[in-house]
$ cat my_file29.cif   # mmCIF, C-alpha atoms and all ligand atoms
data_query
#
loop_
_atom_site.group_PDB
_atom_site.id
_atom_site.type_symbol
_atom_site.label_atom_id
_atom_site.label_comp_id
_atom_site.auth_asym_id
_atom_site.auth_seq_id
_atom_site.Cartn_x
_atom_site.Cartn_y
_atom_site.Cartn_z
ATOM 1 C CA MET A 177 122.112 87.600 50.661
ATOM 2 C CA ASP A 178 124.765 89.067 52.924
ATOM 3 C CA LEU A 179 127.451 86.689 54.180
ATOM 4 C CA LEU A 180 130.318 87.249 56.573
ATOM 5 C CA ILE A 181 133.336 84.984 56.230
ATOM 6 C CA VAL A 182 135.332 84.910 59.470
ATOM 7 C CA GLU A 183 138.598 83.230 58.538
ATOM 8 C CA ASP A 184 142.206 84.248 59.115
ATOM 9 C CA GLU A 185 143.684 82.190 56.269
ATOM 10 C CA ARG A 186 143.336 84.876 53.661
ATOM 11 C CA SER A 187 143.641 82.557 50.648
ATOM 12 C CA LEU A 188 140.876 80.297 52.002
ATOM 13 C CA ALA A 189 138.694 83.314 52.802
ATOM 14 C CA ASP A 190 139.214 84.613 49.250
ATOM 15 C CA ASP A 191 138.410 81.190 47.756
ATOM 16 C CA ILE A 192 135.181 80.982 49.788
ATOM 17 C CA LYS A 193 134.248 84.525 48.795
ATOM 18 C CA ALA A 194 134.936 83.867 45.112
ATOM 19 C CA TYR A 195 132.824 80.692 45.238
ATOM 20 C CA LEU A 196 129.863 82.108 47.144
ATOM 21 C CA ASP A 197 129.778 85.522 45.440
ATOM 22 C CA GLY A 198 127.197 85.883 42.733
ATOM 23 C CA PRO A 199 124.064 87.763 41.767
ATOM 24 C CA GLY A 200 122.308 88.863 44.934
ATOM 25 C CA VAL A 201 125.134 87.655 47.193
ATOM 26 C CA ARG A 202 127.611 89.890 48.981
ATOM 27 C CA CYS A 203 130.472 88.516 51.059
ATOM 28 C CA ALA A 204 132.443 90.423 53.656
ATOM 29 C CA ILE A 205 135.605 89.009 55.227
ATOM 30 C CA ALA A 206 136.881 89.359 58.798
ATOM 31 C CA GLY A 207 140.235 87.875 59.782
ATOM 32 C CA THR A 208 140.101 88.191 63.566
ATOM 33 C CA VAL A 209 137.612 87.925 66.433
ATOM 34 C CA ARG A 210 137.903 91.702 66.926
ATOM 35 C CA GLU A 211 137.197 92.470 63.282
ATOM 36 C CA ALA A 212 134.256 90.037 63.235
ATOM 37 C CA LEU A 213 132.736 91.646 66.350
ATOM 38 C CA ASP A 214 133.075 95.123 64.817
ATOM 39 C CA THR A 215 131.485 93.914 61.588
ATOM 40 C CA ILE A 216 128.479 92.159 63.147
ATOM 41 C CA LEU A 217 127.751 95.217 65.297
ATOM 42 C CA ASN A 218 127.312 97.300 62.149
ATOM 43 C CA LYS A 219 124.745 95.158 60.377
ATOM 44 C CA PRO A 220 122.953 91.818 60.321
ATOM 45 C CA PHE A 221 124.073 89.028 58.011
ATOM 46 C CA ASP A 222 122.076 86.196 56.524
ATOM 47 C CA CYS A 223 124.840 83.809 57.493
ATOM 48 C CA LEU A 224 128.296 83.767 59.043
ATOM 49 C CA VAL A 225 130.899 81.246 57.920
ATOM 50 C CA LEU A 226 132.835 81.047 61.151
ATOM 51 C CA ASP A 227 136.328 79.636 61.593
ATOM 52 C CA LEU A 228 137.070 78.825 65.234
ATOM 53 C CA THR A 229 140.873 79.118 65.332
ATOM 54 C CA LEU A 230 141.570 82.832 64.966
ATOM 55 C CA PRO A 231 144.750 84.746 65.802
ATOM 56 C CA ASP A 232 143.213 86.709 68.673
ATOM 57 C CA GLY A 233 140.864 84.115 70.112
ATOM 58 C CA ASN A 234 138.195 81.492 69.499
ATOM 59 C CA GLY A 235 135.471 82.052 66.912
ATOM 60 C CA LEU A 236 132.993 80.867 69.543
ATOM 61 C CA GLU A 237 133.390 84.334 71.129
ATOM 62 C CA VAL A 238 131.780 85.799 68.001
ATOM 63 C CA LEU A 239 128.932 83.296 68.202
ATOM 64 C CA ARG A 240 128.373 84.045 71.910
ATOM 65 C CA GLU A 241 128.285 87.784 71.236
ATOM 66 C CA LEU A 242 125.839 87.318 68.356
ATOM 67 C CA LYS A 243 123.481 85.197 70.433
ATOM 68 C CA GLY A 244 123.905 87.556 73.403
ATOM 69 C CA MET A 245 122.564 90.350 71.194
ATOM 70 C CA GLY A 246 119.546 88.203 70.362
ATOM 71 C CA ARG A 247 120.553 88.051 66.729
ATOM 72 C CA THR A 248 119.258 85.428 64.335
ATOM 73 C CA ASP A 249 122.049 85.509 61.719
ATOM 74 C CA GLY A 250 122.725 81.950 60.547
ATOM 75 C CA VAL A 251 126.080 80.459 61.545
ATOM 76 C CA VAL A 252 128.012 77.672 59.830
ATOM 77 C CA ILE A 253 131.165 76.742 61.755
ATOM 78 C CA ILE A 254 134.284 75.667 59.895
ATOM 79 C CA SER A 255 136.750 73.834 62.095
ATOM 80 C CA ALA A 256 139.571 71.340 62.172
ATOM 81 C CA LYS A 257 138.587 67.669 62.291
ATOM 82 C CA ASP A 258 139.934 67.285 65.841
ATOM 83 C CA ALA A 259 138.010 70.243 67.275
ATOM 84 C CA LEU A 260 135.056 68.105 68.346
ATOM 85 C CA ALA A 261 134.563 69.799 71.733
ATOM 86 C CA ASP A 262 134.425 73.247 70.113
ATOM 87 C CA ARG A 263 131.981 72.069 67.438
ATOM 88 C CA ILE A 264 129.671 70.611 70.068
ATOM 89 C CA GLU A 265 129.922 73.795 72.124
ATOM 90 C CA GLY A 266 129.190 75.828 68.988
ATOM 91 C CA LEU A 267 126.057 73.841 68.185
ATOM 92 C CA ARG A 268 124.987 74.052 71.825
ATOM 93 C CA ILE A 269 125.317 77.854 71.821
ATOM 94 C CA GLY A 270 123.271 78.083 68.641
ATOM 95 C CA ALA A 271 125.345 77.508 65.502
ATOM 96 C CA ASP A 272 123.174 76.081 62.720
ATOM 97 C CA ASP A 273 125.663 73.719 61.126
ATOM 98 C CA TYR A 274 129.344 72.922 60.811
ATOM 99 C CA ILE A 275 131.800 71.623 58.259
ATOM 100 C CA THR A 276 135.291 70.270 58.937
ATOM 101 C CA LYS A 277 138.446 71.307 57.085
ATOM 102 C CA PRO A 278 139.372 70.427 54.436
ATOM 103 C CA PHE A 279 135.987 70.771 52.727
ATOM 104 C CA HIS A 280 134.643 71.198 49.225
ATOM 105 C CA LEU A 281 133.394 74.700 48.506
ATOM 106 C CA ALA A 282 130.295 73.204 46.885
ATOM 107 C CA GLU A 283 129.351 71.516 50.168
ATOM 108 C CA LEU A 284 129.931 74.699 52.151
ATOM 109 C CA ALA A 285 127.733 76.628 49.688
ATOM 110 C CA VAL A 286 124.884 74.123 50.082
ATOM 111 C CA ARG A 287 125.130 74.233 53.882
ATOM 112 C CA VAL A 288 125.093 78.053 53.853
ATOM 113 C CA GLN A 289 122.082 78.141 51.527
ATOM 114 C CA ALA A 290 120.208 75.570 53.620
ATOM 115 C CA THR A 291 120.976 77.526 56.793
ATOM 116 C CA VAL A 292 119.704 80.771 55.275
ATOM 117 C CA ARG A 293 116.528 79.063 54.057
ATOM 118 C CA ARG A 294 115.891 77.631 57.519
ATOM 119 C CA THR A 295 116.745 80.677 59.583
ATOM 120 C CA ARG A 296 115.353 83.456 57.418
ATOM 121 C CA PHE A 297 112.590 81.873 55.431
ATOM 122 C CA GLN A 298 111.344 78.969 57.588
ATOM 123 C CA GLY A 299 112.617 76.497 54.997
ATOM 124 C CA HIS A 300 110.850 78.044 52.005
ATOM 125 C CA ASP A 301 112.230 79.122 48.640
ATOM 126 C CA ARG A 302 109.342 81.518 48.198
ATOM 127 C CA LEU A 303 108.490 84.360 50.479
ATOM 128 C CA CYS A 304 104.905 85.625 50.343
ATOM 129 C CA PHE A 305 103.675 88.781 51.987
ATOM 130 C CA ALA A 306 100.163 89.964 51.100
ATOM 131 C CA GLU A 307 100.123 90.246 47.296
ATOM 132 C CA LEU A 308 103.917 90.180 47.057
ATOM 133 C CA GLU A 309 105.721 86.956 46.212
ATOM 134 C CA ILE A 310 109.525 86.681 46.208
ATOM 135 C CA ASP A 311 111.283 83.784 44.525
ATOM 136 C CA LEU A 312 114.557 83.534 46.421
ATOM 137 C CA PRO A 313 116.626 81.250 44.155
ATOM 138 C CA ALA A 314 115.481 83.072 41.010
ATOM 139 C CA HIS A 315 115.945 86.568 42.529
ATOM 140 C CA THR A 316 112.567 87.683 41.161
ATOM 141 C CA ALA A 317 109.506 89.234 42.708
ATOM 142 C CA SER A 318 105.915 89.509 41.580
ATOM 143 C CA VAL A 319 102.768 91.292 42.720
ATOM 144 C CA HIS A 320 99.473 89.541 41.947
ATOM 145 C CA GLY A 321 101.524 87.199 39.745
ATOM 146 C CA VAL A 322 102.950 90.042 37.619
ATOM 147 C CA ALA A 323 106.759 90.195 37.580
ATOM 148 C CA VAL A 324 108.265 93.363 39.050
ATOM 149 C CA PRO A 325 111.518 94.464 37.396
ATOM 150 C CA LEU A 326 114.116 95.064 40.125
ATOM 151 C CA THR A 327 117.794 95.919 40.176
ATOM 152 C CA PRO A 328 119.980 93.581 42.290
ATOM 153 C CA THR A 329 120.103 96.221 45.058
ATOM 154 C CA GLU A 330 116.337 96.693 44.994
ATOM 155 C CA PHE A 331 115.867 92.924 45.210
ATOM 156 C CA ARG A 332 118.251 92.665 48.190
ATOM 157 C CA LEU A 333 116.447 95.494 49.951
ATOM 158 C CA LEU A 334 113.006 94.026 49.313
ATOM 159 C CA ARG A 335 114.103 90.571 50.447
ATOM 160 C CA LEU A 336 115.783 91.940 53.563
ATOM 161 C CA LEU A 337 112.826 94.106 54.549
ATOM 162 C CA THR A 338 110.333 91.301 53.945
ATOM 163 C CA ALA A 339 112.399 88.804 55.947
ATOM 164 C CA SER A 340 112.901 91.348 58.745
ATOM 165 C CA ARG A 341 109.449 92.884 58.817
ATOM 166 C CA ASP A 342 109.108 92.780 62.606
ATOM 167 C CA ARG A 343 112.478 94.374 63.206
ATOM 168 C CA VAL A 344 113.985 97.826 62.933
ATOM 169 C CA LEU A 345 116.998 97.813 60.631
ATOM 170 C CA PRO A 346 119.843 100.323 60.631
ATOM 171 C CA ARG A 347 120.016 102.741 57.725
ATOM 172 C CA ASN A 348 123.295 101.251 56.458
ATOM 173 C CA VAL A 349 122.105 97.651 55.962
ATOM 174 C CA ILE A 350 122.204 97.942 52.176
HETATM 175 CA CA CA B 1 142.077 79.646 61.365
#
$ encode --input "my_file29.cif" --output "structure tokens" --more "lines below"
Ligand code: CA
Amino acid sequence: MDLLIVEDERSLADDIKAYLDGPGVRCAIAGTVREALDTILNKPFDCLVLDLTLPDGNGLEVLRELKGMGRTDGVVIISAKDALADRIEGLRIGADDYITKPFHLAELAVRVQATVRRTRFQGHDRLCFAELEIDLPAHTASVHGVAVPLTPTEFRLLRLLTASRDRVLPRNVI
């Protein structure tokens, strides 16, 4: 699972990254609207964790750009409690969920996972394609019920290609 954390408070971004990182999860960090736009142009993400108050603009610009490109990356907005208008606008443009600061990392993680399940896998924990079955939480795959040994990179690639099978992906997605 590839996540992009768009957050200018570096210590918060690092905390989120440390919490969400794990087997099969890779987190990138962008601290500005500009950096986020550059990063999303390079590759798709399973989910963006998107702060709205950024030094060079509003995080909603990133969301607009993403949707303008027809992208389906999940988006969970993180915002201040009083930013109601921005949260509503974000959901209207196509964000999947939001969480207000301060939040517990455990709650953010659950919202990100739920968003990825909904957007990438139509709400399922298992992805089936012909004789291939991928167990997303367990990071395992089987063919005709026989487990296939995979490295973490091979699993990521298989999962990404299966979830994106109607799309052309750039060479550098992995
Ligand atoms: Ca901020």
$ residues_around --input "my_file29.cif" --residues "A:Pro231" --least-positions-apart "4" --cutoff "9 Å" --atoms "only C-alpha atoms" --output "PDB file with C-alpha atoms, in the frame of the given file"
ATOM      1  CA  ASP A 184     142.206  84.248  59.115  1.00  0.00           C
ATOM      2  CA  GLY A 207     140.235  87.875  59.782  1.00  0.00           C
ATOM      3  CA  THR A 208     140.101  88.191  63.566  1.00  0.00           C
ATOM      4  CA  VAL A 209     137.612  87.925  66.433  1.00  0.00           C
TER       5      VAL A 209
END
$ closest_residue --input "my_file29.cif" --among "A:Ser340, A:Thr329, A:Ser318, A:Thr229" --to "A:Pro199" --atoms "only C-alpha atoms"
A:Thr329
$ closest_residue --input "my_file29.cif" --among "A:Asp178, A:Glu185, A:Asp249, A:Asp197" --to "ligand CA 1 (chain B)" --atoms "only C-alpha atoms and all ligand atoms"
A:Glu185
$ resolve_selection --input "my_file29.cif" --expression "the PyMOL selection byres (((not hetatm)) within 10 of (chain B and resi 1))" --output "MDAnalysis selection string"
chainID A and resid 182:186 188:189 207:208 226:231 233:235 254:256
$ atom_distance --input "my_file29.cif" --atom1 "atom CA of A:Leu239" --atom2 "atom CA of A:Pro313"
27.1 Å
$ closest_residue --input "my_file29.cif" --among "A:Met177, A:Val238, A:Leu217, A:Val225" --to "A:Leu334" --atoms "all atoms listed in the file"
A:Met177
$ axis_aligned_box --input "my_file29.cif" --around "stretch 282-292 of chain A" --padding-each-side "6 Å" --output "lines of an AutoDock Vina configuration file"
center_x = 125.0
center_y = 76.1
center_z = 51.8
size_x = 22.6
size_y = 21.3
size_z = 21.9
$ closest_residue --input "my_file29.cif" --among "A:Ala194, A:Ala261, A:Cys304, A:Ala282" --to "A:Gly321" --atoms "all atoms listed in the file"
A:Cys304
$ atom_distance --input "my_file29.cif" --atom1 "atom CA of A:Lys277" --atom2 "atom CA of A:Glu237"
19.8 Å
$ residues_around --input "my_file29.cif" --residues "A:Ile310" --least-positions-apart "6" --cutoff "9 Å" --atoms "all atoms listed in the file" --output "list of chain:residue names"
A:Asp301, A:Arg302, A:Leu303, A:Cys304, A:Thr316, A:Ala317, A:Ser318, A:Val319, A:Phe331, A:Leu334, A:Arg335
$ atom_distance --input "my_file29.cif" --atom1 "atom CA of A:Leu284" --atom2 "atom CA of A:Thr215"
21.5 Å
$ closest_residue --input "my_file29.cif" --among "A:Leu267, A:Ala212, A:Leu224, A:Ile205" --to "A:Val252" --atoms "only C-alpha atoms"
A:Leu224
$ resolve_selection --input "my_file29.cif" --expression "the PyMOL selection byres (((chain A and resi 251) around 10) and not hetatm)" --output "PyMOL selection string"
chain A and resi 179-180+221-226+239+242+248-250+252-254+266-267+270-274+287-288+291-292+295
$ decode --input "my_file29.cif" --residues "stretch 217-232 of chain A" --atoms "all heavy atoms" --output "PDB file, in the first residue's frame"
ATOM      1  N   LEU A 217       1.938  13.530  -9.502  1.00  0.00           N
ATOM      2  CA  LEU A 217       2.111  13.403 -10.951  1.00  0.00           C
ATOM      3  C   LEU A 217       2.953  12.180 -11.297  1.00  0.00           C
ATOM      4  O   LEU A 217       2.786  11.566 -12.341  1.00  0.00           O
ATOM      5  CB  LEU A 217       2.804  14.648 -11.512  1.00  0.00           C
ATOM      6  CG  LEU A 217       1.900  15.827 -11.854  1.00  0.00           C
ATOM      7  CD1 LEU A 217       2.734  16.975 -12.396  1.00  0.00           C
ATOM      8  CD2 LEU A 217       0.844  15.419 -12.880  1.00  0.00           C
ATOM      9  N   ASN A 218       3.897  11.844 -10.395  1.00  0.00           N
ATOM     10  CA  ASN A 218       4.828  10.760 -10.676  1.00  0.00           C
ATOM     11  C   ASN A 218       4.223   9.382 -10.549  1.00  0.00           C
ATOM     12  O   ASN A 218       4.609   8.466 -11.248  1.00  0.00           O
ATOM     13  CB  ASN A 218       6.043  10.851  -9.746  1.00  0.00           C
ATOM     14  CG  ASN A 218       7.050  11.843 -10.255  1.00  0.00           C
ATOM     15  OD1 ASN A 218       7.172  12.016 -11.465  1.00  0.00           O
ATOM     16  ND2 ASN A 218       7.741  12.505  -9.350  1.00  0.00           N
ATOM     17  N   LYS A 219       3.286   9.216  -9.615  1.00  0.00           N
ATOM     18  CA  LYS A 219       2.721   7.872  -9.437  1.00  0.00           C
ATOM     19  C   LYS A 219       1.422   7.918  -8.658  1.00  0.00           C
ATOM     20  O   LYS A 219       1.171   8.876  -7.926  1.00  0.00           O
ATOM     21  CB  LYS A 219       3.719   6.954  -8.740  1.00  0.00           C
ATOM     22  CG  LYS A 219       4.077   7.368  -7.326  1.00  0.00           C
ATOM     23  CD  LYS A 219       5.020   6.344  -6.754  1.00  0.00           C
ATOM     24  CE  LYS A 219       4.719   6.070  -5.294  1.00  0.00           C
ATOM     25  NZ  LYS A 219       5.332   4.874  -4.795  1.00  0.00           N
ATOM     26  N   PRO A 220       0.598   6.879  -8.817  1.00  0.00           N
ATOM     27  CA  PRO A 220      -0.648   6.820  -8.054  1.00  0.00           C
ATOM     28  C   PRO A 220      -0.384   6.349  -6.627  1.00  0.00           C
ATOM     29  O   PRO A 220       0.588   5.634  -6.365  1.00  0.00           O
ATOM     30  CB  PRO A 220      -1.463   5.773  -8.815  1.00  0.00           C
ATOM     31  CG  PRO A 220      -0.468   4.905  -9.489  1.00  0.00           C
ATOM     32  CD  PRO A 220       0.754   5.738  -9.735  1.00  0.00           C
ATOM     33  N   PHE A 221      -1.249   6.760  -5.716  1.00  0.00           N
ATOM     34  CA  PHE A 221      -1.168   6.305  -4.335  1.00  0.00           C
ATOM     35  C   PHE A 221      -2.474   5.611  -3.965  1.00  0.00           C
ATOM     36  O   PHE A 221      -3.521   5.898  -4.545  1.00  0.00           O
ATOM     37  CB  PHE A 221      -0.927   7.496  -3.394  1.00  0.00           C
ATOM     38  CG  PHE A 221       0.468   8.037  -3.495  1.00  0.00           C
ATOM     39  CD1 PHE A 221       0.777   9.006  -4.443  1.00  0.00           C
ATOM     40  CD2 PHE A 221       1.477   7.550  -2.689  1.00  0.00           C
ATOM     41  CE1 PHE A 221       2.070   9.492  -4.573  1.00  0.00           C
ATOM     42  CE2 PHE A 221       2.773   8.032  -2.810  1.00  0.00           C
ATOM     43  CZ  PHE A 221       3.065   9.005  -3.747  1.00  0.00           C
ATOM     44  N   ASP A 222      -2.394   4.713  -3.020  1.00  0.00           N
ATOM     45  CA  ASP A 222      -3.633   4.085  -2.540  1.00  0.00           C
ATOM     46  C   ASP A 222      -4.449   5.104  -1.763  1.00  0.00           C
ATOM     47  O   ASP A 222      -5.663   5.103  -1.819  1.00  0.00           O
ATOM     48  CB  ASP A 222      -3.308   2.879  -1.663  1.00  0.00           C
ATOM     49  CG  ASP A 222      -2.685   1.766  -2.486  1.00  0.00           C
ATOM     50  OD1 ASP A 222      -3.393   1.213  -3.336  1.00  0.00           O
ATOM     51  OD2 ASP A 222      -1.488   1.491  -2.310  1.00  0.00           O
ATOM     52  N   CYS A 223      -3.734   5.970  -1.019  1.00  0.00           N
ATOM     53  CA  CYS A 223      -4.467   6.963  -0.238  1.00  0.00           C
ATOM     54  C   CYS A 223      -3.558   8.148   0.096  1.00  0.00           C
ATOM     55  O   CYS A 223      -2.377   7.977   0.373  1.00  0.00           O
ATOM     56  CB  CYS A 223      -4.983   6.331   1.049  1.00  0.00           C
ATOM     57  SG  CYS A 223      -6.125   7.380   1.970  1.00  0.00           S
ATOM     58  N   LEU A 224      -4.134   9.332   0.040  1.00  0.00           N
ATOM     59  CA  LEU A 224      -3.454  10.536   0.508  1.00  0.00           C
ATOM     60  C   LEU A 224      -4.024  10.908   1.868  1.00  0.00           C
ATOM     61  O   LEU A 224      -5.236  10.856   2.070  1.00  0.00           O
ATOM     62  CB  LEU A 224      -3.707  11.723  -0.428  1.00  0.00           C
ATOM     63  CG  LEU A 224      -2.797  11.914  -1.642  1.00  0.00           C
ATOM     64  CD1 LEU A 224      -2.978  10.783  -2.638  1.00  0.00           C
ATOM     65  CD2 LEU A 224      -3.073  13.250  -2.309  1.00  0.00           C
ATOM     66  N   VAL A 225      -3.133  11.282   2.784  1.00  0.00           N
ATOM     67  CA  VAL A 225      -3.553  11.884   4.053  1.00  0.00           C
ATOM     68  C   VAL A 225      -3.254  13.365   3.869  1.00  0.00           C
ATOM     69  O   VAL A 225      -2.092  13.758   3.770  1.00  0.00           O
ATOM     70  CB  VAL A 225      -2.749  11.287   5.229  1.00  0.00           C
ATOM     71  CG1 VAL A 225      -3.084  12.012   6.521  1.00  0.00           C
ATOM     72  CG2 VAL A 225      -3.035   9.791   5.354  1.00  0.00           C
ATOM     73  N   LEU A 226      -4.314  14.163   3.736  1.00  0.00           N
ATOM     74  CA  LEU A 226      -4.151  15.509   3.197  1.00  0.00           C
ATOM     75  C   LEU A 226      -4.497  16.605   4.198  1.00  0.00           C
ATOM     76  O   LEU A 226      -5.666  16.826   4.526  1.00  0.00           O
ATOM     77  CB  LEU A 226      -5.044  15.636   1.952  1.00  0.00           C
ATOM     78  CG  LEU A 226      -5.018  16.952   1.184  1.00  0.00           C
ATOM     79  CD1 LEU A 226      -3.630  17.223   0.618  1.00  0.00           C
ATOM     80  CD2 LEU A 226      -6.048  16.926   0.055  1.00  0.00           C
ATOM     81  N   ASP A 227      -3.451  17.284   4.677  1.00  0.00           N
ATOM     82  CA  ASP A 227      -3.660  18.473   5.513  1.00  0.00           C
ATOM     83  C   ASP A 227      -4.122  19.610   4.604  1.00  0.00           C
ATOM     84  O   ASP A 227      -3.723  19.686   3.437  1.00  0.00           O
ATOM     85  CB  ASP A 227      -2.322  18.827   6.189  1.00  0.00           C
ATOM     86  CG  ASP A 227      -2.443  20.033   7.109  1.00  0.00           C
ATOM     87  OD1 ASP A 227      -3.540  20.256   7.661  1.00  0.00           O
ATOM     88  OD2 ASP A 227      -1.436  20.747   7.272  1.00  0.00           O
ATOM     89  N   LEU A 228      -4.969  20.484   5.107  1.00  0.00           N
ATOM     90  CA  LEU A 228      -5.490  21.561   4.255  1.00  0.00           C
ATOM     91  C   LEU A 228      -4.685  22.850   4.386  1.00  0.00           C
ATOM     92  O   LEU A 228      -4.555  23.619   3.433  1.00  0.00           O
ATOM     93  CB  LEU A 228      -6.960  21.840   4.582  1.00  0.00           C
ATOM     94  CG  LEU A 228      -7.924  20.682   4.289  1.00  0.00           C
ATOM     95  CD1 LEU A 228      -9.364  21.122   4.538  1.00  0.00           C
ATOM     96  CD2 LEU A 228      -7.768  20.152   2.878  1.00  0.00           C
ATOM     97  N   THR A 229      -4.147  23.111   5.574  1.00  0.00           N
ATOM     98  CA  THR A 229      -3.418  24.369   5.798  1.00  0.00           C
ATOM     99  C   THR A 229      -1.943  24.161   5.515  1.00  0.00           C
ATOM    100  O   THR A 229      -1.200  23.657   6.350  1.00  0.00           O
ATOM    101  CB  THR A 229      -3.604  24.835   7.260  1.00  0.00           C
ATOM    102  OG1 THR A 229      -4.948  24.577   7.644  1.00  0.00           O
ATOM    103  CG2 THR A 229      -3.296  26.302   7.409  1.00  0.00           C
ATOM    104  N   LEU A 230      -1.520  24.520   4.318  1.00  0.00           N
ATOM    105  CA  LEU A 230      -0.131  24.305   3.901  1.00  0.00           C
ATOM    106  C   LEU A 230       0.519  25.648   3.632  1.00  0.00           C
ATOM    107  O   LEU A 230      -0.173  26.632   3.354  1.00  0.00           O
ATOM    108  CB  LEU A 230      -0.111  23.417   2.652  1.00  0.00           C
ATOM    109  CG  LEU A 230      -0.660  22.000   2.900  1.00  0.00           C
ATOM    110  CD1 LEU A 230      -0.950  21.276   1.594  1.00  0.00           C
ATOM    111  CD2 LEU A 230       0.306  21.181   3.748  1.00  0.00           C
ATOM    112  N   PRO A 231       1.850  25.721   3.731  1.00  0.00           N
ATOM    113  CA  PRO A 231       2.521  27.022   3.651  1.00  0.00           C
ATOM    114  C   PRO A 231       2.285  27.759   2.337  1.00  0.00           C
ATOM    115  O   PRO A 231       2.255  28.984   2.303  1.00  0.00           O
ATOM    116  CB  PRO A 231       4.011  26.687   3.814  1.00  0.00           C
ATOM    117  CG  PRO A 231       4.112  25.257   4.096  1.00  0.00           C
ATOM    118  CD  PRO A 231       2.772  24.623   3.995  1.00  0.00           C
ATOM    119  N   ASP A 232       2.110  27.020   1.246  1.00  0.00           N
ATOM    120  CA  ASP A 232       1.970  27.688  -0.052  1.00  0.00           C
ATOM    121  C   ASP A 232       0.562  27.577  -0.621  1.00  0.00           C
ATOM    122  O   ASP A 232       0.355  27.809  -1.816  1.00  0.00           O
ATOM    123  CB  ASP A 232       2.991  27.130  -1.051  1.00  0.00           C
ATOM    124  CG  ASP A 232       2.828  25.631  -1.253  1.00  0.00           C
ATOM    125  OD1 ASP A 232       2.227  24.969  -0.382  1.00  0.00           O
ATOM    126  OD2 ASP A 232       3.293  25.117  -2.278  1.00  0.00           O
TER     127      ASP A 232
END
